[in-house]
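Presented below is the structure to which this report refers.
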Amino acid sequence: SRRQARGELPPHVYAIAEDAYQRIADDGGSNQSVLVSGESGAGKTESVKIMMQYLAVVSMSGSQNRVASQVMATNPLLEAFGNARTSRNNNSSRFGKFIEIQFDSQRRMSGARIHIYLLEKSRVVQQASGERNYHVFYQLLRGLSAEDCAASYLDVLEMEQLRLVNQSGCTTIDGVDDGADLQKTREAMAAIDMGEEERHQVLRTLAAVLLLAQLEFDQDGEEHSSVAGAAQPLLEQAAELVAIEPADLSHALCTRRLVTRDDVVTVPLNREQSGDSRDALAKALYGKLFSWLVERCNEKLVDDSASTAFVGILDIFGFEQFQT
């Protein structure tokens with residue numbers, strides 16, 4: 001029950017949230033932080049959701065808590081772009097998240113700020129056997145209309161042909177409808193006031209990452225690389241989706257710049273190095289998109305003017321314990 005000393009009962013997610021709230025609610029109470037840790041699949045992310053819901057209930061004083069609803073509405077968006085199937089968990093968070101839940105002078109929830117850490121960008125280009133890339137790629141490929149697929153140039157390749165989703169042998173999750181989940185992701189975008197054009201650009205950027213990863217390279221006798229002839233249409237499509245010239249994209253992938261004190265030197269890359277450059281760009285694009293989405297969430301959620309205290313909840317992605 002509420003107000004019981006925490007040591008009187010076994011550790012419990014509601015008791016931890018209650019204790020944190022009471023400590024800020026007391027006169028002169030200080031900010032509180034809760035660390036949620038454990039191995040992959042232990043239930044960290046679900047525990048965070050429960051604590052957020054609990055704090056919303058105990059702080060709303062009988063009125064509808066608009067802020068709490070908005071905070072909870074961001075979950076499908078962050079999970080689509082930051083969660084993936086692993087060998088231990090069908091919905092594993094692959095990033096760390098610190099949610100700063102803000103309270104006003106009457107200790108009602110007034111806003112929230114999301115900080116992210118350590119997104120597993122390597123997963124974008126490489127997944128272990130039986131695992132998947134981030135959920136949103138499968139949502140995109142299974143949920144887009146034929147018209148949107150054609151506009152994003154995803155209608156010419158089957159999922160089995162796409163390098164970013166075909167390498168692990170796993171493209172589905174039992175009981176999960178990726179196509180239907182795309183609609184939930186779109187609704188979460190609308191919940192943070194993303195306009196139709198912004199949502200469209202997000203999907204185009206995802207399509208560009210998928211197409212970019214399909215690029216192959218040739219090299220001449222001096223081991224200078226170039227985009228393979230067969231991949232030129234893909235180069236043009238990916239460049240169009242991110243609004244740059246194909247020649248500029250090709251140059252960026254096939255060369256590197258060395259900056260010295262006196263000069264800037266452009267050095268050609270070989271085929272293997274260009275492949276690494278392609279993968280690095282795909283990871284960077286996805287990472288920047290994820291960071292931008294979090295910033296858009298914060299634009300909707302943060303209310304520093306009313307905040308006088310906060311409860312922070314840190315959900316750091318899971319670790320595995322292996323038998324030795």
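Lettering and numbering for the structure tokens are positional, with chains as A, B, ... in the shown order, residues counted from 1 in each chain, and ligands counted from 1 in the shown order.
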Which of stretch 22-90 of chain A end up as strand (DSSP E) when DSSP is run on this backbone - answer as a count of residues only?
7
I want to know what sits within 6 Å of stretch 132-146 of chain A, based on only C-alpha atoms, with residues of the same chain fewer than 2 positions away left out; could you give that as a ChimeraX atom specification?
/A:80-81,83-85,148-149,178-179,182
Would you mind listing, for every residue of stretch 252-304 of chain A within 8 Å of stretch 69-78 of chain A, the two atoms forming the shortest contact and the distance between them in Å to one decimal, using only C-alpha atoms, sorted by chain and ascending residue number, as a tab-separated table?
```
residue	atom	partner	partner_atom	distance
A:Val294	CA	A:Leu78	CA	7.8
A:Cys297	CA	A:Thr74	CA	7.0
A:Leu301	CA	A:Val71	CA	6.9
```
Can you pull out the residues contacting stretch 215-231 of chain A? Cut-off 7 Å, using only C-alpha atoms, and skip same-chain residues under 5 positions away; I want them as a ChimeraX atom specification.
/A:250,254,268-271,274
Residue subset to file, keeping N, CA, C and O atoms, as a PDB file, in the first residue's frame:
```pdb
ATOM      1  N   SER A 250      28.272   9.220 -55.044  1.00  0.00           N
ATOM      2  CA  SER A 250      29.286   8.282 -55.521  1.00  0.00           C
ATOM      3  C   SER A 250      30.682   8.731 -55.105  1.00  0.00           C
ATOM      4  O   SER A 250      31.508   7.914 -54.653  1.00  0.00           O
ATOM      5  N   CYS A 254      33.386   6.644 -52.681  1.00  0.00           N
ATOM      6  CA  CYS A 254      34.554   6.048 -53.352  1.00  0.00           C
ATOM      7  C   CYS A 254      35.860   6.796 -53.088  1.00  0.00           C
ATOM      8  O   CYS A 254      36.915   6.422 -53.621  1.00  0.00           O
ATOM      9  N   PRO A 268      41.575   8.043 -53.445  1.00  0.00           N
ATOM     10  CA  PRO A 268      40.625   7.026 -53.904  1.00  0.00           C
ATOM     11  C   PRO A 268      40.600   5.824 -52.955  1.00  0.00           C
ATOM     12  O   PRO A 268      41.606   5.480 -52.337  1.00  0.00           O
ATOM     13  N   LEU A 269      39.447   5.189 -52.853  1.00  0.00           N
ATOM     14  CA  LEU A 269      39.283   3.990 -52.046  1.00  0.00           C
ATOM     15  C   LEU A 269      39.194   2.760 -52.942  1.00  0.00           C
ATOM     16  O   LEU A 269      38.751   2.853 -54.090  1.00  0.00           O
ATOM     17  N   ASN A 270      39.601   1.606 -52.399  1.00  0.00           N
ATOM     18  CA  ASN A 270      39.405   0.371 -53.152  1.00  0.00           C
ATOM     19  C   ASN A 270      37.987  -0.165 -52.896  1.00  0.00           C
ATOM     20  O   ASN A 270      37.211   0.416 -52.145  1.00  0.00           O
ATOM     21  N   ARG A 271      37.672  -1.293 -53.527  1.00  0.00           N
ATOM     22  CA  ARG A 271      36.310  -1.815 -53.448  1.00  0.00           C
ATOM     23  C   ARG A 271      35.899  -2.132 -52.006  1.00  0.00           C
ATOM     24  O   ARG A 271      34.791  -1.795 -51.578  1.00  0.00           O
ATOM     25  N   SER A 274      35.296   1.059 -50.034  1.00  0.00           N
ATOM     26  CA  SER A 274      34.045   1.711 -50.424  1.00  0.00           C
ATOM     27  C   SER A 274      32.843   1.005 -49.812  1.00  0.00           C
ATOM     28  O   SER A 274      31.857   1.649 -49.428  1.00  0.00           O
TER      29      SER A 274
END
```
Stretch 49-53 of chain A: which residues within 10 Å, counting only C-alpha atoms, same-chain residues fewer than 6 positions away excluded, as a PyMOL selection string?
chain A and resi 13-18+34+68-69+71-72+75+99+101+311+313
To one decimal in Å, tell me the separation between atom CA of A:Ser129 and atom CA of A:Arg163.
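Answer for the atom CA of A:Ser129 to atom CA of A:Arg163 separation: 13.6 Å.
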Pick out the closest residue to A:Pro246 from this set: A:Met189, A:Ala42, A:Asp155, A:Gln232. Count only C-alpha atoms.
A:Gln232
What's around A:Asn166 at 12 Å? Count only C-alpha atoms, leave out sequence neighbours fewer than 4 positions away in its own chain, and write the answer as a ChimeraX atom specification.
/A:124-133,137-138,157-162,170-172,210,213-214
Alpha helix (DSSP H) positions in stretch 3-107 of chain A, given as a compact mmCIF listing (two decimals) with all heavy atoms, in the first residue's frame:
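Output saved as part26.txt:
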```txt
# COMPACT_ATOMS: atom_id res chain seq x y z
N VAL A 13 8.15 -2.81 -8.43
CA VAL A 13 8.22 -1.67 -9.34
C VAL A 13 7.32 -0.53 -8.87
O VAL A 13 7.68 0.65 -8.94
CB VAL A 13 7.88 -2.12 -10.78
CG1 VAL A 13 6.45 -2.65 -10.89
CG2 VAL A 13 8.10 -0.99 -11.76
N TYR A 14 6.12 -0.84 -8.33
CA TYR A 14 5.23 0.21 -7.84
C TYR A 14 5.79 0.87 -6.58
O TYR A 14 5.68 2.09 -6.40
CB TYR A 14 3.84 -0.36 -7.53
CG TYR A 14 3.06 -0.77 -8.76
CD1 TYR A 14 2.70 -2.09 -8.98
CD2 TYR A 14 2.67 0.18 -9.70
CE1 TYR A 14 1.99 -2.47 -10.11
CE2 TYR A 14 1.95 -0.18 -10.84
CZ TYR A 14 1.61 -1.51 -11.03
OH TYR A 14 0.91 -1.88 -12.15
N ALA A 15 6.40 0.06 -5.73
CA ALA A 15 6.96 0.62 -4.49
C ALA A 15 8.11 1.56 -4.79
O ALA A 15 8.25 2.61 -4.15
CB ALA A 15 7.43 -0.52 -3.58
N ILE A 16 8.94 1.20 -5.76
CA ILE A 16 10.06 2.08 -6.14
C ILE A 16 9.53 3.40 -6.68
O ILE A 16 10.00 4.49 -6.32
CB ILE A 16 10.95 1.38 -7.18
CG1 ILE A 16 11.57 0.10 -6.62
CG2 ILE A 16 12.03 2.33 -7.68
CD1 ILE A 16 12.55 0.31 -5.51
N ALA A 17 8.52 3.33 -7.56
CA ALA A 17 7.94 4.54 -8.14
C ALA A 17 7.28 5.39 -7.06
O ALA A 17 7.40 6.63 -7.05
CB ALA A 17 6.93 4.17 -9.22
N GLU A 18 6.57 4.75 -6.12
CA GLU A 18 5.92 5.48 -5.03
C GLU A 18 6.94 6.18 -4.16
O GLU A 18 6.76 7.35 -3.78
CB GLU A 18 5.08 4.50 -4.20
CG GLU A 18 4.53 5.07 -2.91
CD GLU A 18 3.49 6.15 -3.12
OE1 GLU A 18 2.98 6.29 -4.26
OE2 GLU A 18 3.17 6.86 -2.15
N ASP A 19 8.03 5.48 -3.85
CA ASP A 19 9.05 6.08 -2.99
C ASP A 19 9.67 7.29 -3.67
O ASP A 19 9.89 8.33 -3.03
CB ASP A 19 10.13 5.03 -2.69
CG ASP A 19 11.14 5.53 -1.67
OD1 ASP A 19 10.75 5.82 -0.53
OD2 ASP A 19 12.33 5.64 -2.03
N ALA A 20 9.95 7.17 -4.97
CA ALA A 20 10.53 8.30 -5.70
C ALA A 20 9.58 9.49 -5.70
O ALA A 20 9.99 10.65 -5.50
CB ALA A 20 10.87 7.88 -7.13
N TYR A 21 8.29 9.23 -5.92
CA TYR A 21 7.32 10.32 -5.96
C TYR A 21 7.18 11.00 -4.60
O TYR A 21 7.14 12.23 -4.50
CB TYR A 21 5.95 9.81 -6.42
CG TYR A 21 4.93 10.91 -6.49
CD1 TYR A 21 4.99 11.87 -7.51
CD2 TYR A 21 3.92 11.02 -5.55
CE1 TYR A 21 4.07 12.90 -7.57
CE2 TYR A 21 2.99 12.05 -5.60
CZ TYR A 21 3.08 12.98 -6.62
OH TYR A 21 2.17 14.02 -6.68
N GLN A 22 7.11 10.21 -3.54
CA GLN A 22 6.97 10.79 -2.20
C GLN A 22 8.18 11.64 -1.83
O GLN A 22 8.05 12.65 -1.13
CB GLN A 22 6.74 9.69 -1.16
CG GLN A 22 5.39 9.00 -1.29
CD GLN A 22 4.22 9.97 -1.18
OE1 GLN A 22 4.33 11.02 -0.52
NE2 GLN A 22 3.11 9.63 -1.83
N ARG A 23 9.35 11.25 -2.29
CA ARG A 23 10.55 12.01 -1.96
C ARG A 23 10.56 13.38 -2.63
O ARG A 23 11.11 14.33 -2.09
CB ARG A 23 11.80 11.21 -2.31
CG ARG A 23 12.07 10.06 -1.35
CD ARG A 23 13.24 9.20 -1.81
NE ARG A 23 13.46 8.07 -0.92
CZ ARG A 23 14.27 8.05 0.12
NH1 ARG A 23 14.95 9.15 0.42
NH2 ARG A 23 14.39 6.97 0.85
N ILE A 24 9.99 13.49 -3.84
CA ILE A 24 9.91 14.82 -4.45
C ILE A 24 8.70 15.58 -3.95
O ILE A 24 8.68 16.82 -3.97
CB ILE A 24 9.89 14.76 -6.00
CG1 ILE A 24 8.60 14.11 -6.52
CG2 ILE A 24 11.11 14.07 -6.55
CD1 ILE A 24 8.33 14.40 -7.98
N ALA A 25 7.67 14.85 -3.49
CA ALA A 25 6.44 15.51 -3.02
C ALA A 25 6.62 16.15 -1.64
O ALA A 25 5.95 17.12 -1.32
CB ALA A 25 5.29 14.51 -2.99
N LYS A 44 13.02 -4.81 -18.39
CA LYS A 44 13.37 -3.44 -18.02
C LYS A 44 12.44 -2.42 -18.65
O LYS A 44 11.92 -1.53 -17.98
CB LYS A 44 14.84 -3.16 -18.42
CG LYS A 44 15.85 -4.04 -17.73
CD LYS A 44 17.26 -3.71 -18.17
CE LYS A 44 17.47 -3.93 -19.66
NZ LYS A 44 17.20 -5.32 -20.08
N THR A 45 12.25 -2.52 -19.97
CA THR A 45 11.44 -1.53 -20.67
C THR A 45 10.00 -1.56 -20.19
O THR A 45 9.37 -0.50 -20.02
CB THR A 45 11.51 -1.78 -22.19
OG1 THR A 45 12.89 -1.66 -22.61
CG2 THR A 45 10.68 -0.76 -22.95
N GLU A 46 9.46 -2.75 -19.94
CA GLU A 46 8.09 -2.84 -19.42
C GLU A 46 8.01 -2.24 -18.02
O GLU A 46 7.01 -1.60 -17.67
CB GLU A 46 7.64 -4.30 -19.40
CG GLU A 46 7.40 -4.90 -20.78
CD GLU A 46 6.40 -4.10 -21.60
OE1 GLU A 46 5.33 -3.77 -21.06
OE2 GLU A 46 6.70 -3.80 -22.78
N SER A 47 9.05 -2.43 -17.21
CA SER A 47 9.06 -1.84 -15.87
C SER A 47 9.04 -0.32 -15.94
O SER A 47 8.37 0.35 -15.15
CB SER A 47 10.30 -2.32 -15.09
OG SER A 47 10.25 -3.70 -14.85
N VAL A 48 9.78 0.23 -16.91
CA VAL A 48 9.77 1.69 -17.09
C VAL A 48 8.38 2.17 -17.45
O VAL A 48 7.89 3.18 -16.92
CB VAL A 48 10.79 2.09 -18.18
CG1 VAL A 48 10.63 3.57 -18.54
CG2 VAL A 48 12.21 1.82 -17.71
N LYS A 49 7.70 1.47 -18.35
CA LYS A 49 6.34 1.87 -18.72
C LYS A 49 5.42 1.85 -17.50
O LYS A 49 4.60 2.76 -17.31
CB LYS A 49 5.80 0.91 -19.79
CG LYS A 49 6.47 1.00 -21.14
CD LYS A 49 5.83 -0.03 -22.08
CE LYS A 49 6.55 -0.11 -23.40
NZ LYS A 49 5.97 -1.16 -24.27
N ILE A 50 5.52 0.80 -16.68
CA ILE A 50 4.67 0.69 -15.50
C ILE A 50 4.93 1.85 -14.54
O ILE A 50 3.99 2.46 -13.99
CB ILE A 50 4.91 -0.66 -14.80
CG1 ILE A 50 4.37 -1.80 -15.67
CG2 ILE A 50 4.25 -0.69 -13.42
CD1 ILE A 50 4.77 -3.18 -15.19
N MET A 51 6.20 2.19 -14.32
CA MET A 51 6.52 3.30 -13.42
C MET A 51 5.98 4.63 -13.95
O MET A 51 5.45 5.45 -13.19
CB MET A 51 8.03 3.38 -13.19
CG MET A 51 8.54 2.35 -12.19
SD MET A 51 10.25 2.63 -11.69
CE MET A 51 11.09 1.86 -13.05
N MET A 52 6.10 4.83 -15.28
CA MET A 52 5.57 6.06 -15.86
C MET A 52 4.05 6.14 -15.68
O MET A 52 3.51 7.21 -15.33
CB MET A 52 5.94 6.13 -17.34
CG MET A 52 7.42 6.38 -17.60
SD MET A 52 7.90 6.10 -19.32
CE MET A 52 6.83 7.22 -20.18
N GLN A 53 3.37 5.03 -15.92
CA GLN A 53 1.92 5.01 -15.74
C GLN A 53 1.54 5.27 -14.28
O GLN A 53 0.59 6.01 -14.00
CB GLN A 53 1.37 3.66 -16.21
CG GLN A 53 1.45 3.47 -17.72
CD GLN A 53 1.16 2.03 -18.13
OE1 GLN A 53 1.32 1.10 -17.34
NE2 GLN A 53 0.74 1.85 -19.37
N TYR A 54 2.29 4.67 -13.37
CA TYR A 54 2.01 4.85 -11.94
C TYR A 54 2.20 6.31 -11.53
O TYR A 54 1.35 6.90 -10.83
CB TYR A 54 2.90 3.94 -11.10
CG TYR A 54 2.62 4.02 -9.62
CD1 TYR A 54 1.58 3.27 -9.06
CD2 TYR A 54 3.37 4.85 -8.79
CE1 TYR A 54 1.30 3.36 -7.70
CE2 TYR A 54 3.09 4.93 -7.43
CZ TYR A 54 2.06 4.18 -6.89
OH TYR A 54 1.79 4.27 -5.55
N LEU A 55 3.30 6.91 -11.96
CA LEU A 55 3.56 8.30 -11.61
C LEU A 55 2.49 9.22 -12.19
O LEU A 55 2.12 10.22 -11.57
CB LEU A 55 4.95 8.71 -12.11
CG LEU A 55 6.13 8.08 -11.37
CD1 LEU A 55 7.43 8.35 -12.11
CD2 LEU A 55 6.21 8.60 -9.94
N ALA A 56 1.99 8.86 -13.38
CA ALA A 56 0.92 9.67 -13.96
C ALA A 56 -0.34 9.60 -13.11
O ALA A 56 -1.00 10.61 -12.86
CB ALA A 56 0.62 9.18 -15.38
N VAL A 57 -0.66 8.38 -12.63
CA VAL A 57 -1.88 8.20 -11.84
C VAL A 57 -1.79 8.92 -10.51
O VAL A 57 -2.72 9.65 -10.11
CB VAL A 57 -2.16 6.70 -11.63
CG1 VAL A 57 -3.28 6.50 -10.60
CG2 VAL A 57 -2.54 6.04 -12.95
N VAL A 58 -0.69 8.76 -9.78
CA VAL A 58 -0.61 9.34 -8.44
C VAL A 58 -0.45 10.86 -8.47
O VAL A 58 -0.68 11.53 -7.47
CB VAL A 58 0.54 8.72 -7.61
CG1 VAL A 58 0.33 7.24 -7.42
CG2 VAL A 58 1.91 9.01 -8.23
N SER A 59 -0.10 11.42 -9.63
CA SER A 59 0.14 12.86 -9.68
C SER A 59 -0.97 13.63 -10.38
O SER A 59 -0.91 14.86 -10.44
CB SER A 59 1.46 13.15 -10.42
OG SER A 59 1.34 12.84 -11.80
N ARG A 66 -2.82 14.90 -19.57
CA ARG A 66 -2.46 15.00 -20.98
C ARG A 66 -1.00 14.66 -21.21
O ARG A 66 -0.65 13.97 -22.17
CB ARG A 66 -2.75 16.42 -21.47
CG ARG A 66 -2.29 16.71 -22.89
CD ARG A 66 -2.49 18.19 -23.21
NE ARG A 66 -1.80 19.04 -22.25
CZ ARG A 66 -0.51 19.35 -22.33
NH1 ARG A 66 0.23 18.88 -23.31
NH2 ARG A 66 0.04 20.14 -21.43
N VAL A 67 -0.12 15.11 -20.34
CA VAL A 67 1.31 14.88 -20.50
C VAL A 67 1.63 13.40 -20.47
O VAL A 67 2.39 12.88 -21.29
CB VAL A 67 2.11 15.64 -19.43
CG1 VAL A 67 3.59 15.29 -19.52
CG2 VAL A 67 1.90 17.14 -19.57
N ALA A 68 1.02 12.70 -19.50
CA ALA A 68 1.28 11.27 -19.38
C ALA A 68 0.87 10.55 -20.66
O ALA A 68 1.58 9.65 -21.13
CB ALA A 68 0.53 10.70 -18.19
N SER A 69 -0.27 10.94 -21.22
CA SER A 69 -0.72 10.31 -22.46
C SER A 69 0.26 10.56 -23.59
O SER A 69 0.54 9.67 -24.40
CB SER A 69 -2.10 10.86 -22.84
OG SER A 69 -3.05 10.55 -21.85
N GLN A 70 0.81 11.77 -23.65
CA GLN A 70 1.77 12.08 -24.70
C GLN A 70 3.07 11.31 -24.52
O GLN A 70 3.66 10.83 -25.50
CB GLN A 70 2.03 13.59 -24.73
CG GLN A 70 0.85 14.42 -25.20
CD GLN A 70 1.10 15.91 -25.06
OE1 GLN A 70 2.00 16.33 -24.34
NE2 GLN A 70 0.29 16.69 -25.74
N VAL A 71 3.53 11.21 -23.27
CA VAL A 71 4.75 10.45 -23.01
C VAL A 71 4.57 9.00 -23.42
O VAL A 71 5.43 8.41 -24.10
CB VAL A 71 5.15 10.55 -21.52
CG1 VAL A 71 6.31 9.61 -21.22
CG2 VAL A 71 5.53 11.98 -21.16
N MET A 72 3.45 8.40 -23.03
CA MET A 72 3.20 7.00 -23.37
C MET A 72 3.03 6.82 -24.87
O MET A 72 3.38 5.78 -25.43
CB MET A 72 1.96 6.50 -22.64
CG MET A 72 2.08 6.52 -21.11
SD MET A 72 3.54 5.64 -20.48
CE MET A 72 3.17 3.98 -21.00
N ALA A 73 2.53 7.85 -25.55
CA ALA A 73 2.32 7.75 -27.00
C ALA A 73 3.64 7.70 -27.76
O ALA A 73 3.67 7.25 -28.92
CB ALA A 73 1.48 8.94 -27.49
N ASN A 75 6.14 5.83 -26.95
CA ASN A 75 6.73 4.49 -26.84
C ASN A 75 6.71 3.70 -28.14
O ASN A 75 7.73 3.12 -28.52
CB ASN A 75 6.05 3.69 -25.72
CG ASN A 75 6.54 4.09 -24.34
OD1 ASN A 75 7.70 4.45 -24.16
ND2 ASN A 75 5.65 4.05 -23.37
N PRO A 76 5.57 3.63 -28.87
CA PRO A 76 5.60 2.87 -30.13
C PRO A 76 6.61 3.41 -31.14
O PRO A 76 7.20 2.65 -31.89
CB PRO A 76 4.16 3.02 -30.66
CG PRO A 76 3.34 3.32 -29.45
CD PRO A 76 4.22 4.13 -28.56
N LEU A 77 6.81 4.72 -31.12
CA LEU A 77 7.77 5.33 -32.05
C LEU A 77 9.20 4.94 -31.70
O LEU A 77 9.97 4.49 -32.57
CB LEU A 77 7.61 6.85 -32.03
CG LEU A 77 8.47 7.64 -33.03
CD1 LEU A 77 8.15 7.24 -34.45
CD2 LEU A 77 8.24 9.14 -32.83
N LEU A 78 9.56 5.07 -30.43
CA LEU A 78 10.92 4.73 -30.01
C LEU A 78 11.17 3.23 -30.13
O LEU A 78 12.28 2.81 -30.47
CB LEU A 78 11.15 5.20 -28.57
CG LEU A 78 11.09 6.71 -28.33
CD1 LEU A 78 11.35 7.03 -26.87
CD2 LEU A 78 12.10 7.44 -29.22
N GLU A 79 10.15 2.42 -29.89
CA GLU A 79 10.33 0.98 -30.01
C GLU A 79 10.48 0.57 -31.47
O GLU A 79 11.26 -0.34 -31.80
CB GLU A 79 9.15 0.24 -29.37
CG GLU A 79 9.16 0.32 -27.85
CD GLU A 79 8.10 -0.56 -27.21
OE1 GLU A 79 7.38 -1.28 -27.96
OE2 GLU A 79 7.99 -0.55 -25.97
N ALA A 80 9.74 1.21 -32.37
CA ALA A 80 9.86 0.86 -33.79
C ALA A 80 11.27 1.14 -34.31
O ALA A 80 11.84 0.33 -35.06
CB ALA A 80 8.84 1.66 -34.60
N PHE A 81 11.85 2.26 -33.90
CA PHE A 81 13.16 2.66 -34.42
C PHE A 81 14.32 2.19 -33.56
O PHE A 81 15.46 2.19 -34.03
CB PHE A 81 13.21 4.18 -34.56
CG PHE A 81 12.46 4.72 -35.75
CD1 PHE A 81 11.10 4.92 -35.68
CD2 PHE A 81 13.11 4.99 -36.95
CE1 PHE A 81 10.39 5.40 -36.77
CE2 PHE A 81 12.42 5.46 -38.04
CZ PHE A 81 11.05 5.67 -37.96
N GLY A 82 14.06 1.81 -32.31
CA GLY A 82 15.16 1.46 -31.41
C GLY A 82 15.13 0.06 -30.86
O GLY A 82 16.04 -0.32 -30.13
```
Would you mind telling me which residue in A:Phe310, A:Phe95, A:Tyr286, A:Tyr153 lies nearest to A:Leu119 when using only C-alpha atoms?
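Looking only at the distances to A:Leu119, the closest residue turns out to be A:Phe95.
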